[in-house]
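Student: Provided herewith is a single structure, encoded as structure tokens, for subsequent inquiry.
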Number of protein chains: 2
Amino acid sequence: MDGLTIGEVGRRTGLATSALRYWERAGILPPPLRQNGQRRYDAGVVRWIAVLRFAQGAGFTLDEIRTLFHGFGAETPLGARWEALAHDKLRELDALIARATRMRHAIEAGLACGCVSVDDCMAGDPSAPADGPAQAPAQPALRRAGGTR
Amino acid sequence: MDGLTIGEVGRRTGLATSALRYWERAGILPPPLRQNGQRRYDAGVVRWIAVLRFAQGAGFTLDEIRTLFHGFGAETPLGARWEALAHDKLRELDALIARATRMRHAIEAGLACGCVSVDDCMAGDPSAPADGPAQAPAQPALRRAGGTR
DNA sequence: CTACACCTTGAAGTCGGCTTCAAGTCAAGG
DNA sequence: CCTTGACTTGAAGCCGACTTCAAGGTGTAG
């Protein structure tokens, strides 16, 4: 046994090999040894990838995950690293949830409004008819996330 | 008075003129009359834009907003159009909120875990130590939304 | 005439996290 | 020797909603 090929790692983790190469280039996965120019991974990489995917699922960007993996002194335990990043992320998530909740309310306000045409409806303007759906968007959208292949 | 220039509309609505042109090309705002090749908008466009921005703020994509504005028979009232689109969007938002809430839980599980290194932590694998942070991500991320200039 | 402010267009750039493609390398099997 | 299959690379494409850029037109003021 001289290490896993990238295809083997892909099979074991359910990931595309292109993603593994991408993470390596992005400085997240350390470059493995090579045999004849081909990557040979230590079996431990599977666990690293599990942590990576977990962090991604928790909402961390690759930038943040790079920090999680390589951005602290080598002696800093994983738990402490996680904690250092978690508070900001929790606040981001709370903001996201709050925003999504406001969007829900906006949609319901739109349902309650019952306008006939664009020109007799709506907000944003002090001379507006009544209690139309309210003001501006402020935060345009929320993008969807890609599935896992 | 022969209509508002695009710059004037931008000023009144707080939008970049590039956005107005983009929406026109995207088939959302109808092309206005022109004088010497320049767009001259009817004052009513301001209200259209308010509705557009409101819908955007409620989470609708430009595709959906195009449907909202131009995708029904001309006799269909705005309220009915809104309703036709609202139910799916509410479900999407609920899914989003649920996902964000799961992400919150994941982060908190990570905080409770207290692992020292990547190799002694984590999930996804049946031989894992204990009740590590749990399984996979399934839905990678949530993208941030751009502010309103 | 020049300067200036405003408008026009199409093409390309931005962000994140990949995927896809073209072209090439390499080892094992028939 | 030739094919097959897995690997390598860099470059480009994708999604959404725009912004930015280059190059040029037009109207008005001084």
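The way I read the labels, and the way they are meant: chains A, B, ... in the order of the structure tokens, residue 1 as the first residue of every chain, and ligand 1 as the first ligand shown, with later ones counted on from there.
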For chain D, report every residue with an atom at most 12 Å from chain A (counting only C-alpha atoms (C1' of nucleotides)), formatted as a PyMOL selection string.

Tutor: chain D and resi 5-9+14-18

Student: Give me the residues near Ala80 of chain A as a short mmCIF file (atom, residue, chain, number, x, y, z; two decimals) with N, CA and C atoms, in the first residue's frame, where near means some atom within 10 Å (using only C-alpha atoms (C1' of nucleotides)) and where sequence neighbours in that chain fewer than 5 positions away do not count.

Tutor:
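Below you can see around_31.cif, which holds the result:
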```cif
data_model
loop_
_atom_site.label_atom_id
_atom_site.label_comp_id
_atom_site.auth_asym_id
_atom_site.auth_seq_id
_atom_site.Cartn_x
_atom_site.Cartn_y
_atom_site.Cartn_z
N LEU A 68 -9.18 27.98 9.31
CA LEU A 68 -9.40 26.92 10.30
C LEU A 68 -8.28 25.89 10.28
N PHE A 72 -3.69 29.19 12.23
CA PHE A 72 -3.36 29.40 13.64
C PHE A 72 -1.98 28.79 13.92
N LEU A 85 -13.73 30.99 15.09
CA LEU A 85 -14.47 31.37 13.89
C LEU A 85 -15.99 31.30 14.08
N ALA A 86 -16.39 30.53 15.07
CA ALA A 86 -17.82 30.21 15.19
C ALA A 86 -18.69 31.42 15.54
N LEU B 111 -18.78 23.42 18.58
CA LEU B 111 -18.28 24.08 19.80
C LEU B 111 -18.26 23.10 20.97
N GLY B 114 -14.95 20.01 21.06
CA GLY B 114 -13.68 20.17 21.75
C GLY B 114 -12.55 19.25 21.34
N CYS B 115 -12.49 18.87 20.08
CA CYS B 115 -11.40 18.02 19.60
C CYS B 115 -10.08 18.78 19.58
N VAL B 116 -9.01 18.05 19.62
CA VAL B 116 -7.68 18.66 19.63
C VAL B 116 -7.11 18.77 18.21
#
```

Student: Would you tabulate, counting only C-alpha atoms (C1' of nucleotides), all residues of chain C that have an atom at most 9 Å from an atom of chain A, showing the closest pair of atoms and their distance in Å to one decimal, sorted by chain then ascending number, as CSV?

Tutor:
```
residue,atom,partner,partner_atom,distance
C:DG16,C1',A:Thr61,CA,8.4
C:DG17,C1',A:Leu62,CA,8.4
C:DC18,C1',A:Ala19,CA,6.5
C:DT19,C1',A:Ser18,CA,7.2
C:DT25,C1',A:Gly37,CA,8.9
C:DC26,C1',A:Asn36,CA,7.7
```

Student: In Å, how far is it from atom CA of Gly3 of chain B to atom CA of Ala55 of chain B?

Tutor: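 Atom CA of Ala55 of chain B lies 25.2 Å from atom CA of Gly3 of chain B.
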
Student: Give me, as a PDB file with C-alpha atoms, in the first residue's frame, all polymer residues having an atom no more than 7 Å from Ala58 of chain B, counting only C-alpha atoms (C1' of nucleotides) and skipping those fewer than 2 positions away in the same chain.

Tutor:
```pdb
ATOM      1  CA  MET A 103     -38.669  38.288   3.334  1.00  0.00           C
ATOM      2  CA  ARG A 104     -41.400  35.926   4.460  1.00  0.00           C
ATOM      3  CA  ALA A 106     -42.809  40.864   2.857  1.00  0.00           C
ATOM      4  CA  ILE A 107     -44.338  38.112   0.761  1.00  0.00           C
TER       5      ILE A 107
ATOM      6  CA  PHE B  54     -39.893  45.090  -3.349  1.00  0.00           C
ATOM      7  CA  ALA B  55     -40.208  41.748  -5.123  1.00  0.00           C
ATOM      8  CA  GLN B  56     -36.440  41.451  -5.186  1.00  0.00           C
ATOM      9  CA  PHE B  60     -37.755  36.765  -6.137  1.00  0.00           C
TER      10      PHE B  60
END
```

Student: Give the helix (DSSP H, G or I) residues of chain B, as DSSP finds them on the backbone, and put them as a VMD selection string.

Tutor: chain B and resid 6 to 13 17 to 25 45 to 57 62 to 70 78 to 113 118 to 120

Student: Got a sec: who's within 12 Å of Gly10 of chain A, counting only C-alpha atoms (C1' of nucleotides), leaving out chain neighbours fewer than 2 positions off, as a PyMOL selection string?

Tutor: chain A and resi 4-8+12-21+41+45-46+49+149

Student: Those same residues, written as a PDB file, in the first residue's frame with C-alpha atoms?

Tutor:
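This went into part.pdb:
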```pdb
ATOM      1  CA  LEU A   4      -4.709   6.387  -2.223  1.00  0.00           C
ATOM      2  CA  THR A   5      -5.041   7.799  -5.705  1.00  0.00           C
ATOM      3  CA  ILE A   6      -7.167  10.853  -6.166  1.00  0.00           C
ATOM      4  CA  GLY A   7      -9.850   8.748  -7.805  1.00  0.00           C
ATOM      5  CA  GLU A   8      -9.898   6.416  -4.829  1.00  0.00           C
ATOM      6  CA  ARG A  12     -14.457   7.039  -0.670  1.00  0.00           C
ATOM      7  CA  THR A  13     -15.700  10.547  -0.006  1.00  0.00           C
ATOM      8  CA  GLY A  14     -18.243  10.836  -2.778  1.00  0.00           C
ATOM      9  CA  LEU A  15     -16.502  13.878  -4.205  1.00  0.00           C
ATOM     10  CA  ALA A  16     -15.393  14.804  -7.702  1.00  0.00           C
ATOM     11  CA  THR A  17     -11.639  14.649  -8.165  1.00  0.00           C
ATOM     12  CA  SER A  18     -11.840  18.143  -9.613  1.00  0.00           C
ATOM     13  CA  ALA A  19     -12.971  19.378  -6.221  1.00  0.00           C
ATOM     14  CA  LEU A  20      -9.989  17.793  -4.508  1.00  0.00           C
ATOM     15  CA  ARG A  21      -7.599  19.378  -6.958  1.00  0.00           C
ATOM     16  CA  TYR A  41      -2.921  10.376  -0.390  1.00  0.00           C
ATOM     17  CA  VAL A  45      -7.042  12.740   4.226  1.00  0.00           C
ATOM     18  CA  VAL A  46     -10.493  11.208   4.353  1.00  0.00           C
ATOM     19  CA  ILE A  49     -12.181  16.019   4.058  1.00  0.00           C
ATOM     20  CA  ARG A 149     -23.217  16.446  -7.146  1.00  0.00           C
TER      21      ARG A 149
END
```

Student: Near DA5 of chain C, within 10 Å and counting only C-alpha atoms (C1' of nucleotides), which residues show up once chain neighbours fewer than 2 positions away are dropped, as a PyMOL selection string?

Tutor: (chain C and resi 3+7) or (chain D and resi 27-28)
